[in-house]
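*Asks:* Can you read through this structure? Questions will come right after.
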Amino acid sequence: MQDSRIKRLISNLKLRNIDAFFLESFDEVNEKLLNMIPGDNTVGVGHSITVQNSGIVEKLIKRGNIVFDKTAVISKEESKQIKKKALTADWLFLASANPSSAELNFPSTPIPLMGFHG
């Protein structure tokens with residue numbers, strides 16, 4: 001069930017050309033993202049605990065997507081290279097909506113994930 005605060009957040013994100021959805025669980029989030037992101041697309045991942053905890057990165061990799069995730073590398077040089085590749089990914093990046101929601105003076109939604117298509 002969406003309350004007025006969640007509706008307002010979704011509306012504010014859409015004003016910024018961000019497609020927003022309210023989903024109740026990581027299972028729903030993963031299903032939505034797997035349906036939205038084609039299996040042959042590359043995906044960049046922001047440094048987000050929410051994204052990491054959702055399990056979507058592993059599901060995308062298992063499905064065959066190339067995922068640019070700087071948290072999966074060891075050296076600073078590798079991280080730098082992955083960040084550059086993430087900026088040119090088909091799906092620019094998956095990240096938590098927490099910074100955006102804070103900027104909008106709105107508390108985080110239960111599963112605040114965003115995806116930006118490049």
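Naming scheme: A, B, ... for chains in displayed order of the structure tokens; residues 1 onward per chain; ligands 1 onward as shown.
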Among segment 40-87 of chain A, which residues does DSSP mark as helix (DSSP H, G or I) when it is run on the backbone? Keep the chain and numbering as in the structure and answer as a list of chain:residue names.
*Replies:*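 Written out, the helix (DSSP H, G or I) residues of segment 40-87 of chain A are A:Ile49, A:Thr50, A:Val51, A:Gln52, A:Asn53, A:Ser54, A:Ile56, A:Val57, A:Glu58, A:Lys59, A:Leu60, A:Ile61, A:Lys62, A:Arg63, A:Lys70, A:Thr71, A:Ala72, A:Lys76, A:Glu77, A:Glu78, A:Ser79, A:Lys80, A:Gln81, A:Ile82, A:Lys83, A:Lys84, A:Lys85, A:Ala86, A:Leu87.
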*Asks:* Give me every strand (DSSP E or B) residue in segment 5-82 of chain A, going by DSSP on the backbone, as a list in words.
*Replies:* Thr42, Val43, Gly44, Val45, Ile66, Val67, Phe68 and Asp69 of chain A
*Asks:* Save the residues we just selected, N, CA and C atoms, as a compact mmCIF listing (two decimals), in the first residue's frame?
*Replies:*
```txt
# COMPACT_ATOMS: atom_id res chain seq x y z
N THR A 42 24.90 -4.33 -20.69
CA THR A 42 25.87 -4.12 -19.62
C THR A 42 25.21 -3.25 -18.56
N VAL A 43 25.64 -3.42 -17.31
CA VAL A 43 25.02 -2.71 -16.19
C VAL A 43 26.11 -2.17 -15.28
N GLY A 44 26.04 -0.88 -14.97
CA GLY A 44 26.92 -0.29 -13.98
C GLY A 44 26.23 -0.27 -12.64
N VAL A 45 26.99 -0.45 -11.58
CA VAL A 45 26.42 -0.50 -10.23
C VAL A 45 27.08 0.55 -9.35
N ILE A 66 26.91 -8.41 -18.28
CA ILE A 66 28.21 -7.92 -17.81
C ILE A 66 27.90 -6.79 -16.84
N VAL A 67 28.37 -6.93 -15.60
CA VAL A 67 28.08 -5.96 -14.55
C VAL A 67 29.38 -5.30 -14.12
N PHE A 68 29.40 -3.98 -14.17
CA PHE A 68 30.56 -3.20 -13.73
C PHE A 68 30.31 -2.75 -12.29
N ASP A 69 30.92 -3.46 -11.36
CA ASP A 69 30.69 -3.23 -9.93
C ASP A 69 32.03 -2.99 -9.26
```
*Asks:* Considering only C-alpha atoms, return as a PyMOL selection string whatever protein or nucleic-acid residues lie within 12 Å of Ala72 of chain A, sequence-local ones (same chain, fewer than 4 positions apart) excluded.
*Replies:* chain A and resi 44-47+52+57-58+67-68+76+78-79+82-83
*Asks:* Need the shell around Arg63 of chain A: protein/DNA/RNA residues with any atom at most 10 Å away, counting only C-alpha atoms. Skip same-chain ones fewer than 4 positions apart. Format as a JSON list (two decimals) with C-alpha atoms, in the first residue's frame?
*Replies:*
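Contents of selection.json, as written:
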```
[["chain", "number", "residue", "atom", "x", "y", "z"],
["A", 34, "LEU", "CA", 15.34, -8.64, -14.59],
["A", 38, "PRO", "CA", 17.78, -7.07, -21.39],
["A", 39, "GLY", "CA", 20.07, -10.07, -20.87],
["A", 40, "ASP", "CA", 22.64, -8.75, -23.33],
["A", 57, "VAL", "CA", 24.05, -8.08, -9.01],
["A", 58, "GLU", "CA", 24.49, -11.84, -8.62],
["A", 59, "LYS", "CA", 21.27, -12.53, -10.54]]
```
*Asks:* Record the distance separating atom CA of Arg8 of chain A and atom CA of Phe26 of chain A, expressed in Å with one decimal.
*Replies:*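 Taking atom CA of Arg8 of chain A as the start and atom CA of Phe26 of chain A as the end point, the length is 21.6 Å.
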*Asks:* Can you write out as a Markdown table which residues of segment 32-95 of chain A fall within 12 Å of segment 12-20 of chain A, alongside each residue's closest atom pair and its distance in Å to one decimal, counting only C-alpha atoms and ordering rows by chain and ascending residue number?
*Replies:*
```
| residue | atom | partner | partner_atom | distance |
| --- | --- | --- | --- | --- |
| A:Lys32 | CA | A:Ala20 | CA | 11.4 |
| A:Leu33 | CA | A:Ala20 | CA | 11.8 |
| A:Met36 | CA | A:Asp19 | CA | 11.4 |
```
*Asks:* Include C-alpha atoms and write out the residues we just selected as a PDB file, in the first residue's frame.
*Replies:*
```pdb
ATOM      1  CA  LYS A  32      11.138  -6.015 -12.067  1.00  0.00           C
ATOM      2  CA  LEU A  33      14.776  -5.279 -12.884  1.00  0.00           C
ATOM      3  CA  MET A  36      13.423  -4.368 -17.549  1.00  0.00           C
TER       4      MET A  36
END
```
